[in-house]
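**Q** Enclosed is the structure file structure.cif (mmCIF, C-alpha atoms and all ligand atoms).
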data_my_file
#
loop_
_atom_site.label_atom_id
_atom_site.label_comp_id
_atom_site.auth_asym_id
_atom_site.auth_seq_id
_atom_site.Cartn_x
_atom_site.Cartn_y
_atom_site.Cartn_z
CA MET X 678 13.93 19.54 -1.87
CA ALA X 679 17.63 18.93 -2.29
CA SER X 680 20.05 19.00 -5.22
CA ARG X 681 22.64 16.22 -5.02
CA LEU X 682 24.92 14.22 -7.32
CA PHE X 683 25.06 10.53 -6.37
CA LEU X 684 28.10 8.69 -7.78
CA ASN X 685 29.58 5.19 -7.73
CA ALA X 686 26.17 3.49 -7.50
CA ARG X 687 24.86 0.17 -8.79
CA LEU X 688 21.43 1.23 -10.06
CA VAL X 689 18.36 -1.03 -10.13
CA THR X 690 16.13 1.57 -11.76
CA MET X 691 12.91 -0.48 -12.28
CA ALA X 692 12.37 1.60 -15.45
CA ASP X 693 11.82 -1.85 -16.94
CA PRO X 694 9.74 -3.69 -14.28
CA THR X 695 11.26 -7.01 -15.39
CA CYS X 696 14.93 -5.95 -15.23
CA ILE X 697 16.89 -6.08 -11.95
CA THR X 698 20.37 -6.18 -13.52
CA PRO X 699 22.21 -3.27 -11.87
CA VAL X 700 23.66 -0.43 -13.98
CA GLU X 701 27.32 -0.50 -12.84
CA LYS X 702 29.19 2.75 -12.03
CA GLY X 703 25.88 4.56 -12.09
CA ALA X 704 25.04 8.16 -11.24
CA ILE X 705 21.92 10.07 -10.26
CA LEU X 706 21.71 13.85 -10.53
CA ALA X 707 18.90 15.37 -8.47
CA ILE X 708 17.98 19.03 -8.96
CA GLU X 709 15.62 20.41 -6.29
CA GLY X 710 14.32 16.97 -5.43
CA ARG X 711 13.67 15.68 -8.94
CA ILE X 712 15.92 13.38 -10.98
CA ALA X 713 17.62 15.24 -13.82
CA TYR X 714 19.76 12.27 -14.89
CA ALA X 715 20.05 8.61 -13.97
CA GLY X 716 22.39 6.15 -15.70
CA PRO X 717 26.10 5.50 -16.32
CA GLU X 718 28.40 8.20 -14.87
CA ALA X 719 29.80 8.63 -18.39
CA GLY X 720 26.47 10.07 -19.53
CA LEU X 721 26.25 12.78 -16.86
CA PRO X 722 25.39 16.26 -18.21
CA ASP X 723 28.50 18.07 -16.87
CA SER X 724 26.89 21.49 -17.31
CA GLN X 725 24.27 20.69 -14.67
CA CYS X 726 26.66 19.11 -12.16
CA SER X 727 28.80 22.09 -11.22
CA GLY X 728 28.43 23.21 -7.62
CA VAL X 729 26.15 20.31 -6.69
CA GLU X 730 26.97 18.41 -3.47
CA THR X 731 28.23 14.93 -4.37
CA VAL X 732 27.53 11.70 -2.46
CA ASP X 733 29.79 8.67 -3.05
CA LEU X 734 27.55 5.60 -2.69
CA GLU X 735 30.62 3.33 -2.61
CA GLU X 736 29.26 0.78 -5.12
CA ARG X 737 26.14 0.11 -3.07
CA LEU X 738 22.95 -1.21 -4.65
CA VAL X 739 20.33 1.52 -5.21
CA THR X 740 16.62 0.85 -5.84
CA PRO X 741 13.68 3.25 -6.02
CA GLY X 742 12.36 4.10 -2.56
CA LEU X 743 9.90 1.38 -1.55
CA ILE X 744 6.16 2.05 -1.83
CA ASP X 745 3.70 0.40 0.58
CA CYS X 746 0.49 0.83 -1.48
CA HIS X 747 -2.03 -0.77 0.91
CA THR X 748 -2.03 -0.04 4.68
CA HIS X 749 -4.46 0.65 7.51
CA LEU X 750 -1.57 2.27 9.40
CA VAL X 751 -3.79 4.76 11.28
CA HIS X 752 -5.96 2.94 13.81
CA GLY X 753 -6.62 2.74 17.54
CA GLY X 754 -5.84 -0.15 19.83
CA ASP X 755 -4.83 -3.68 18.76
CA ARG X 756 -6.45 -7.10 18.37
CA ALA X 757 -3.98 -9.28 20.30
CA HIS X 758 -6.91 -10.69 22.34
CA GLU X 759 -8.61 -11.86 19.12
CA PHE X 760 -5.36 -13.42 18.07
CA GLU X 761 -5.65 -15.59 21.17
CA LEU X 762 -9.29 -16.46 20.28
CA ARG X 763 -8.13 -17.52 16.84
CA LEU X 764 -5.37 -19.62 18.40
CA ALA X 765 -8.18 -21.31 20.37
CA GLY X 766 -9.97 -22.13 17.11
CA ALA X 767 -12.30 -19.21 16.29
CA SER X 768 -12.25 -18.15 12.62
CA TYR X 769 -11.84 -14.56 11.38
CA GLU X 770 -15.42 -14.61 10.07
CA GLU X 771 -16.85 -16.03 13.33
CA ILE X 772 -15.17 -13.26 15.33
CA ALA X 773 -16.44 -10.61 12.88
CA ARG X 774 -20.02 -11.96 13.00
CA ALA X 775 -19.85 -11.96 16.82
CA GLY X 776 -19.20 -8.19 16.75
CA GLY X 777 -15.45 -8.40 17.06
CA GLY X 778 -13.03 -7.78 14.21
CA ILE X 779 -13.15 -4.42 12.47
CA VAL X 780 -15.89 -3.15 14.78
CA SER X 781 -13.72 -3.66 17.86
CA THR X 782 -11.02 -1.49 16.31
CA VAL X 783 -13.72 1.09 15.49
CA THR X 784 -14.38 1.57 19.20
CA ALA X 785 -10.67 2.07 19.93
CA THR X 786 -10.24 4.40 16.94
CA ARG X 787 -13.23 6.59 17.79
CA SER X 788 -11.93 7.13 21.33
CA ALA X 789 -8.31 7.79 20.25
CA GLY X 790 -8.96 11.20 18.61
CA GLU X 791 -6.79 12.70 15.84
CA GLN X 792 -3.73 13.37 18.01
CA GLY X 793 -3.87 9.90 19.52
CA LEU X 794 -4.13 8.38 16.05
CA VAL X 795 -1.03 10.30 14.88
CA ALA X 796 0.92 9.26 17.98
CA SER X 797 0.09 5.55 17.67
CA ALA X 798 0.75 5.46 13.89
CA LEU X 799 4.21 7.10 14.07
CA PRO X 800 6.08 4.03 15.44
CA ARG X 801 4.50 1.89 12.69
CA LEU X 802 5.44 4.46 10.03
CA ASP X 803 9.00 4.60 11.40
CA ARG X 804 9.32 0.84 10.92
CA LEU X 805 8.32 1.20 7.24
CA ILE X 806 10.72 4.14 6.78
CA SER X 807 13.56 2.17 8.43
CA GLU X 808 13.26 -0.37 5.61
CA GLY X 809 13.38 2.20 2.80
CA VAL X 810 9.73 3.21 2.30
CA THR X 811 9.35 6.68 0.74
CA THR X 812 5.61 6.51 -0.16
CA VAL X 813 2.79 4.93 1.87
CA GLU X 814 -0.94 4.58 1.26
CA ILE X 815 -3.10 4.94 4.37
CA LYS X 816 -6.83 4.11 4.60
CA SER X 817 -9.58 5.21 6.92
CA GLY X 818 -12.29 2.64 7.69
CA TYR X 819 -12.10 2.36 11.46
CA GLY X 820 -14.08 5.51 12.18
CA LEU X 821 -17.35 4.68 10.32
CA ASP X 822 -18.92 8.01 11.22
CA LEU X 823 -18.05 11.31 9.52
CA ASP X 824 -16.08 12.91 12.37
CA SER X 825 -14.04 9.77 13.07
CA GLU X 826 -13.36 9.08 9.39
CA ARG X 827 -12.21 12.71 9.05
CA ALA X 828 -9.97 12.25 12.12
CA GLN X 829 -8.34 9.16 10.57
CA LEU X 830 -7.74 10.87 7.20
CA ARG X 831 -6.44 14.06 8.83
CA ALA X 832 -4.12 11.99 11.01
CA ALA X 833 -2.85 10.23 7.88
CA ARG X 834 -2.19 13.57 6.17
CA ARG X 835 -0.39 14.86 9.29
CA LEU X 836 2.05 11.95 9.18
CA ALA X 837 3.48 13.55 6.01
CA ASP X 838 4.24 16.66 8.10
CA GLU X 839 5.95 14.59 10.79
CA ARG X 840 8.22 12.54 8.48
CA LYS X 841 9.88 12.86 5.06
CA VAL X 842 7.42 10.55 3.32
CA THR X 843 4.67 10.82 0.69
CA VAL X 844 1.23 9.81 1.98
CA SER X 845 -1.67 8.80 -0.29
CA THR X 846 -5.03 8.50 1.51
CA SER X 847 -8.04 6.27 0.78
CA PHE X 848 -11.53 6.74 2.23
CA LEU X 849 -12.70 3.29 3.38
CA GLY X 850 -16.02 4.20 4.99
CA ALA X 851 -17.33 1.02 3.33
CA HIS X 852 -15.18 -1.22 5.54
CA ALA X 853 -17.91 -2.55 7.85
CA LEU X 854 -21.33 -1.61 9.25
CA PRO X 855 -20.84 0.56 12.36
CA PRO X 856 -22.54 -0.79 15.51
CA GLU X 857 -25.24 1.92 15.48
CA PHE X 858 -26.30 0.83 11.97
CA ARG X 859 -26.09 -2.90 12.62
CA ASP X 860 -29.80 -3.28 11.70
CA ASP X 861 -29.93 -0.51 9.10
CA ARG X 862 -27.68 -1.28 6.16
CA ALA X 863 -29.58 1.01 3.82
CA GLY X 864 -29.31 3.87 6.31
CA TYR X 865 -25.54 3.55 6.56
CA LEU X 866 -25.09 3.22 2.81
CA THR X 867 -27.13 6.38 2.23
CA LEU X 868 -25.10 8.22 4.91
CA LEU X 869 -21.90 6.97 3.25
CA ARG X 870 -22.86 7.95 -0.30
CA ASP X 871 -24.77 11.17 0.30
CA LYS X 872 -23.02 12.71 3.32
CA MET X 873 -19.64 11.18 4.20
CA LEU X 874 -18.28 10.78 0.67
CA PRO X 875 -19.13 14.35 -0.50
CA ALA X 876 -17.72 15.83 2.74
CA VAL X 877 -14.44 13.87 2.48
CA ALA X 878 -14.14 14.76 -1.22
CA GLU X 879 -14.91 18.45 -0.66
CA GLU X 880 -12.27 18.71 2.10
CA GLY X 881 -9.66 17.00 -0.08
CA LEU X 882 -9.06 14.40 2.62
CA ALA X 883 -9.02 11.39 0.29
CA ASP X 884 -7.01 10.65 -2.83
CA CYS X 885 -9.11 7.52 -3.48
CA VAL X 886 -12.22 5.65 -2.33
CA ASP X 887 -11.88 2.03 -1.18
CA ALA X 888 -14.43 -0.59 -0.07
CA PHE X 889 -14.48 -4.11 1.36
CA CYS X 890 -16.50 -6.30 -1.03
CA GLU X 891 -17.10 -9.53 0.88
CA THR X 892 -19.88 -11.67 2.37
CA ILE X 893 -19.07 -10.24 5.82
CA ALA X 894 -18.93 -6.67 4.48
CA PHE X 895 -20.56 -5.07 1.40
CA SER X 896 -22.13 -6.63 -1.71
CA THR X 897 -21.16 -5.93 -5.30
CA ASN X 898 -24.37 -3.91 -5.78
CA GLU X 899 -23.66 -1.79 -2.69
CA VAL X 900 -20.07 -1.19 -3.80
CA ASP X 901 -21.20 -0.46 -7.39
CA ASP X 902 -23.53 2.27 -6.12
CA LEU X 903 -20.85 3.83 -3.90
CA PHE X 904 -18.19 3.70 -6.63
CA SER X 905 -20.52 5.36 -9.15
CA ALA X 906 -20.97 8.21 -6.66
CA ALA X 907 -17.20 8.38 -6.08
CA ARG X 908 -16.48 8.58 -9.81
CA ARG X 909 -19.11 11.35 -10.11
CA GLN X 910 -17.13 13.23 -7.42
CA GLY X 911 -14.02 12.80 -9.61
CA LEU X 912 -12.32 10.42 -7.17
CA ASN X 913 -10.32 7.30 -8.07
CA VAL X 914 -11.39 3.97 -6.59
CA ARG X 915 -9.71 0.78 -5.38
CA LEU X 916 -11.28 -2.36 -3.85
CA HIS X 917 -10.63 -5.06 -1.25
CA ALA X 918 -11.83 -7.83 -3.55
CA ASP X 919 -12.29 -11.64 -3.61
CA GLN X 920 -10.36 -12.09 -0.35
CA LEU X 921 -12.49 -14.81 1.29
CA SER X 922 -14.85 -15.68 -1.60
CA ASN X 923 -15.37 -14.92 -5.30
CA LEU X 924 -18.09 -12.28 -5.49
CA GLY X 925 -16.74 -10.95 -8.79
CA GLY X 926 -15.05 -8.07 -6.95
CA ALA X 927 -12.09 -7.93 -9.34
CA ALA X 928 -14.36 -7.53 -12.39
CA LEU X 929 -16.43 -4.91 -10.54
CA ALA X 930 -13.26 -2.93 -9.76
CA ALA X 931 -12.18 -3.16 -13.40
CA ARG X 932 -15.61 -1.95 -14.57
CA HIS X 933 -15.06 1.22 -12.53
CA GLY X 934 -11.53 1.69 -13.85
CA ALA X 935 -10.18 1.10 -10.35
CA LEU X 936 -6.52 1.88 -9.74
CA SER X 937 -6.23 -1.47 -7.97
CA ALA X 938 -8.06 -4.50 -6.68
CA ASP X 939 -6.49 -5.98 -3.57
CA HIS X 940 -6.19 -9.41 -1.85
CA LEU X 941 -7.68 -11.44 -4.82
CA GLU X 942 -7.12 -14.95 -3.40
CA HIS X 943 -10.44 -16.06 -4.94
CA THR X 944 -10.33 -14.09 -8.20
CA ASP X 945 -11.12 -16.08 -11.37
CA GLU X 946 -9.76 -15.77 -14.92
CA ALA X 947 -12.53 -13.41 -16.03
CA GLY X 948 -11.58 -11.10 -13.17
CA ALA X 949 -7.86 -11.25 -13.99
CA ALA X 950 -8.53 -10.54 -17.68
CA ALA X 951 -10.89 -7.65 -16.88
CA MET X 952 -8.27 -6.10 -14.58
CA ALA X 953 -5.58 -6.38 -17.26
CA ALA X 954 -7.86 -4.74 -19.86
CA ALA X 955 -8.72 -1.90 -17.47
CA GLY X 956 -5.12 -1.38 -16.27
CA THR X 957 -6.24 -2.21 -12.71
CA VAL X 958 -3.25 -3.34 -10.63
CA ALA X 959 -3.48 -6.61 -8.66
CA VAL X 960 -2.26 -5.80 -5.14
CA LEU X 961 -1.34 -9.02 -3.33
CA LEU X 962 -1.22 -9.02 0.48
CA PRO X 963 0.78 -12.04 1.71
CA GLY X 964 0.73 -10.82 5.32
CA ALA X 965 -3.07 -11.22 5.54
CA PHE X 966 -2.93 -14.57 3.68
CA TYR X 967 -0.33 -15.81 6.18
CA PHE X 968 -1.88 -14.35 9.34
CA ILE X 969 -5.43 -15.66 8.84
CA ARG X 970 -3.96 -18.91 7.50
CA GLU X 971 -5.69 -18.62 4.14
CA THR X 972 -5.15 -21.66 1.92
CA LYS X 973 -6.42 -20.40 -1.45
CA LEU X 974 -3.50 -18.80 -3.31
CA PRO X 975 -4.16 -15.73 -5.49
CA PRO X 976 -4.09 -16.69 -9.23
CA VAL X 977 -0.60 -15.34 -9.99
CA ASP X 978 -0.41 -17.48 -13.14
CA LEU X 979 -3.59 -15.82 -14.48
CA PHE X 980 -2.26 -12.33 -13.72
CA ARG X 981 0.96 -13.20 -15.56
CA LYS X 982 -0.98 -14.77 -18.48
CA HIS X 983 -3.17 -11.67 -18.98
CA GLY X 984 -0.46 -9.11 -18.19
CA THR X 985 -2.18 -7.76 -15.06
CA ARG X 986 0.45 -5.70 -13.18
CA ILE X 987 1.18 -7.17 -9.73
CA ALA X 988 1.99 -5.04 -6.68
CA ILE X 989 2.50 -6.21 -3.09
CA ALA X 990 1.95 -4.43 0.24
CA THR X 991 1.99 -5.00 3.99
CA ASP X 992 -1.81 -4.41 4.48
CA CYS X 993 -0.66 -3.25 7.93
CA ASN X 994 -3.84 -3.58 10.05
CA PRO X 995 -4.55 -4.86 13.56
CA GLY X 996 -6.88 -7.69 12.52
CA THR X 997 -5.48 -9.66 9.61
CA SER X 998 -1.99 -8.30 8.97
CA PRO X 999 -0.17 -6.65 11.90
CA LEU X 1000 2.90 -6.41 9.64
CA THR X 1001 5.23 -3.39 9.35
CA SER X 1002 8.07 -4.94 7.31
CA PRO X 1003 8.09 -4.40 3.52
CA LEU X 1004 11.18 -6.63 3.31
CA LEU X 1005 9.38 -9.53 5.02
CA THR X 1006 6.37 -8.80 2.79
CA MET X 1007 8.57 -9.35 -0.28
CA ASN X 1008 9.92 -12.59 1.21
CA MET X 1009 6.34 -13.79 1.89
CA ALA X 1010 5.25 -12.86 -1.65
CA ALA X 1011 8.10 -14.94 -3.03
CA THR X 1012 7.92 -17.81 -0.53
CA LEU X 1013 4.11 -18.14 -0.35
CA PHE X 1014 2.93 -16.80 -3.73
CA ARG X 1015 6.05 -17.81 -5.74
CA LEU X 1016 6.65 -14.33 -7.16
CA THR X 1017 10.12 -13.83 -8.65
CA VAL X 1018 12.61 -11.35 -7.16
CA ALA X 1019 11.92 -8.96 -10.06
CA GLU X 1020 8.14 -9.23 -9.48
CA CYS X 1021 8.61 -8.55 -5.76
CA LEU X 1022 10.78 -5.47 -6.37
CA ALA X 1023 8.43 -4.16 -9.09
CA GLY X 1024 5.55 -4.91 -6.71
CA MET X 1025 7.06 -2.67 -4.02
CA THR X 1026 8.18 0.08 -6.46
CA ILE X 1027 6.89 0.88 -9.96
CA HIS X 1028 3.70 -1.27 -9.89
CA ALA X 1029 2.85 0.07 -6.43
CA ALA X 1030 3.27 3.59 -7.85
CA VAL X 1031 0.83 2.72 -10.66
CA ALA X 1032 -1.62 1.36 -8.04
CA LEU X 1033 -1.53 4.79 -6.34
CA GLY X 1034 -1.71 6.81 -9.57
CA LEU X 1035 1.77 8.20 -8.75
CA ALA X 1036 3.84 6.56 -11.52
CA ARG X 1037 4.54 9.94 -13.16
CA ASP X 1038 6.32 11.04 -9.96
CA THR X 1039 7.89 7.98 -8.33
CA GLY X 1040 8.33 4.20 -8.41
CA SER X 1041 11.42 4.11 -10.65
CA ILE X 1042 14.77 5.91 -10.92
CA GLU X 1043 14.14 7.93 -14.08
CA ALA X 1044 14.56 11.57 -15.16
CA GLY X 1045 11.58 13.72 -14.19
CA LYS X 1046 10.56 11.68 -11.16
CA TRP X 1047 11.16 12.53 -7.50
CA CYS X 1048 14.56 11.46 -6.25
CA ASP X 1049 13.16 8.77 -3.92
CA LEU X 1050 15.91 6.21 -3.32
CA ALA X 1051 16.77 3.26 -1.09
CA VAL X 1052 20.49 2.48 -0.76
CA TRP X 1053 21.34 -1.07 0.34
CA ASP X 1054 24.38 -2.90 1.77
CA ALA X 1055 23.73 -5.79 -0.57
CA ASP X 1056 25.49 -7.27 -3.62
CA ARG X 1057 22.45 -8.75 -5.33
CA PRO X 1058 18.79 -7.61 -5.47
CA ALA X 1059 17.79 -11.14 -4.38
CA GLU X 1060 19.24 -10.40 -0.92
CA LEU X 1061 16.39 -7.92 -0.36
CA VAL X 1062 13.79 -10.70 -0.81
CA TYR X 1063 15.71 -13.73 0.52
CA ARG X 1064 16.32 -12.72 4.13
CA MET X 1065 13.71 -12.69 6.94
CA GLY X 1066 14.19 -10.19 9.77
CA PHE X 1067 17.40 -8.60 8.45
CA ASN X 1068 17.49 -4.99 7.25
CA PRO X 1069 20.40 -4.08 4.91
CA LEU X 1070 19.23 -0.48 4.36
CA ALA X 1071 22.25 1.90 4.35
CA ALA X 1072 20.45 5.14 3.44
CA ARG X 1073 17.09 6.47 2.26
CA TYR X 1074 16.50 9.64 0.23
CA TRP X 1075 13.06 11.25 -0.12
CA ARG X 1076 12.92 13.85 -2.94
CA GLY X 1077 16.71 14.09 -2.70
CA GLU X 1078 16.68 14.71 1.09
N1 LIG T 1101 -9.74 -7.05 4.68
C1 LIG T 1101 -8.82 -7.28 5.60
O1 LIG T 1101 -8.07 -8.23 5.69
C2 LIG T 1101 -8.82 -6.11 6.53
N2 LIG T 1101 -9.82 -5.29 6.01
C3 LIG T 1101 -10.32 -5.86 4.93
O2 LIG T 1101 -11.17 -5.34 4.23
C4 LIG T 1101 -9.16 -6.55 7.93
C5 LIG T 1101 -9.28 -5.38 8.82
C6 LIG T 1101 -9.48 -5.81 10.27
O3 LIG T 1101 -9.76 -7.00 10.52
O4 LIG T 1101 -9.31 -4.93 11.13
FE FE T 1102 -6.71 -4.00 3.76
#
Would you mind giving the structure from this file in structure tokens?
Ligand code: DI6
Ligand code: FE
**A**
Amino acid sequence: MASRLFLNARLVTMADPTCITPVEKGAILAIEGRIAYAGPEAGLPDSQCSGVETVDLEERLVTPGLIDCHTHLVHGGDRAHEFELRLAGASYEEIARAGGGIVSTVTATRSAGEQGLVASALPRLDRLISEGVTTVEIKSGYGLDLDSERAQLRAARRLADERKVTVSTSFLGAHALPPEFRDDRAGYLTLLRDKMLPAVAEEGLADCVDAFCETIAFSTNEVDDLFSAARRQGLNVRLHADQLSNLGGAALAARHGALSADHLEHTDEAGAAAMAAAGTVAVLLPGAFYFIRETKLPPVDLFRKHGTRIAIATDCNPGTSPLTSPLLTMNMAATLFRLTVAECLAGMTIHAAVALGLARDTGSIEAGKWCDLAVWDADRPAELVYRMGFNPLAARYWRGE
């Protein structure tokens, strides 16, 4: 963890999630990886600056390091062939019901092994890092048996040894029924709750438990039972909710004090209000909306009305969102969901940190937090959301490094 004095910066701190007006002639003092001071150079505590290496940021724009708070980055194989089926008219649900979809990635993931999973995830992680990501959430959910789910979560943890990045893991054993339990839902749910979840919790492999609550996946009752067990194990929860239909997933997540509910295209006002009251973050995933050609927009107006925090993420996964660009994700969130520039930047920084339970340590440029920064060759924050396929990142610092 490095000590460094950054000078001559235009700081977009996100300390106030609604304010993207840069602090001109700003400075950041990092001591052993944590921010000791951030603000106008005039306010620097001189006593702490002596002997610290200085970096002249030459009036560049500086935001918090970006946080991708919803990815399936670790997985085997790809689904390009299904993409062709969809181009020929098959729907995502039809392919899933015909045994394709998630289950086809399960086969590829089980045969990849832990080392293979690390190797295939690294190029995807490097794309995120190249656009300023300093924290990434990574789910399991393509193993669907204990050994393979362990392999996915261990591979995710190992990525943090291979790159200067913070990894938060989510156990998504409740992603789909594995082929061997196709006719035994109860059997798989018991295995999930009574064997896989305790093992993953005991080994510290998961920071959170996730589930896919949908007609083609798990019901609200099944998720409720699993989440009660997760909370008894002392684990946080998050939920893929109301993506293709309104099953009341958002309200279910809120009832369990979930860190986030994600997708939410079909969430109603009761769900939005319940999330706001519970502090559950709405994670919007424009890549999946775009890629499966969804038409139902998530209720952004209801989230704004009730004060539900909004985050955005790539949802990088081989089936519905093969997307590894947080910058394009922000453009899609603005262009498709009509989020403002400030909402997009908060959605990829401070609100994403809240969605991961990491807001004490990152997500904004404030004293006490890790010195996670993205430095941009851009004059206005809007340039980070406006462009498609252009990367103005000049430098990235992770805990001051
Ligand atoms: N919703 C999604 O869009 C992804 N998972 C989920 O719960 C799809 C994952 C896949 O199709 O591989
Ligand atoms: Fe997802």
**Q** Give the answer as one residue: which of X:Leu921, X:Met1065, X:Leu802, X:Ala930 has the shortest atom-to-atom distance to Ser768 in chain X, using only C-alpha atoms?
**A**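 Looking only at the distances to Ser768 in chain X, the closest residue turns out to be X:Leu921.
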**Q** For ligand FE 1102 (chain T), return the neighbouring residues as a list of chain:residue names (distance at most 10 Å; only C-alpha atoms and all ligand atoms).
**A** X:His747, X:Thr748, X:His749, X:Leu750, X:Ile815, X:Lys816, X:Gly818, X:Leu849, X:His852, X:Asp887, X:Ala888, X:Phe889, X:Leu916, X:His917, X:Ala918, X:Gln920, X:Asp939, X:His940, X:Leu962, X:Ala965, X:Ala990, X:Thr991, X:Asp992, X:Cys993, X:Asn994, X:Gly996, X:Thr997, X:Ser998
**Q** Selected residues, C-alpha atoms, written as a CSV table (one decimal), in the coordinates of the input, please.
**A**
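See again16.csv below for the written result:
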chain,number,residue,atom,x,y,z
X,747,HIS,CA,-2.0,-0.8,0.9
X,748,THR,CA,-2.0,0.0,4.7
X,749,HIS,CA,-4.5,0.6,7.5
X,750,LEU,CA,-1.6,2.3,9.4
X,815,ILE,CA,-3.1,4.9,4.4
X,816,LYS,CA,-6.8,4.1,4.6
X,818,GLY,CA,-12.3,2.6,7.7
X,849,LEU,CA,-12.7,3.3,3.4
X,852,HIS,CA,-15.2,-1.2,5.5
X,887,ASP,CA,-11.9,2.0,-1.2
X,888,ALA,CA,-14.4,-0.6,-0.1
X,889,PHE,CA,-14.5,-4.1,1.4
X,916,LEU,CA,-11.3,-2.4,-3.8
X,917,HIS,CA,-10.6,-5.1,-1.2
X,918,ALA,CA,-11.8,-7.8,-3.6
X,920,GLN,CA,-10.4,-12.1,-0.4
X,939,ASP,CA,-6.5,-6.0,-3.6
X,940,HIS,CA,-6.2,-9.4,-1.8
X,962,LEU,CA,-1.2,-9.0,0.5
X,965,ALA,CA,-3.1,-11.2,5.5
X,990,ALA,CA,2.0,-4.4,0.2
X,991,THR,CA,2.0,-5.0,4.0
X,992,ASP,CA,-1.8,-4.4,4.5
X,993,CYS,CA,-0.7,-3.2,7.9
X,994,ASN,CA,-3.8,-3.6,10.0
X,996,GLY,CA,-6.9,-7.7,12.5
X,997,THR,CA,-5.5,-9.7,9.6
X,998,SER,CA,-2.0,-8.3,9.0
**Q** Excluding Gly793 in chain X and any residue of its chain fewer than 2 positions from it, enumerate the residues within 10 Å of it, using only C-alpha atoms, and give them as a list in words.
**A** Val751, His752, Gly753, Thr786, Ser788, Ala789, Gly790, Glu791, Val795, Ala796, Ser797, Ala798, Ala828 and Ala832 of chain X
**Q** Using all atoms listed in the file, which residue out of X:Gly850, X:Gly728, X:Gly720, X:Pro963 lies closest to Val783 in chain X?
**A** X:Gly850
**Q** Please report the interatomic distance between CA of Val732 in chain X and CA of Asn685 in chain X in Å with one decimal.
**A**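 We find that CA of Val732 in chain X and CA of Asn685 in chain X lie 8.6 Å from each other.
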**Q** Mind working out the centre and edge lengths of an axis-aligned box for ligand LIG 1101 (chain T), all listed atoms inside, 3 Å added to each side, rounded to one decimal in Å and written as AutoDock Vina command-line options?
**A**
--center_x -9.6 --center_y -6.6 --center_z 7.7 --size_x 9.1 --size_y 9.3 --size_z 12.9
**Q** Extract, using all atoms listed in the file, all DNA, RNA and protein residues at most 9 Å from Leu1013 in chain X, discarding same-chain residues fewer than 6 positions from it, and format them as a list in words.
**A**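 What passes the distance filter is Pro963, Phe966, Tyr967 and Leu974 of chain X.
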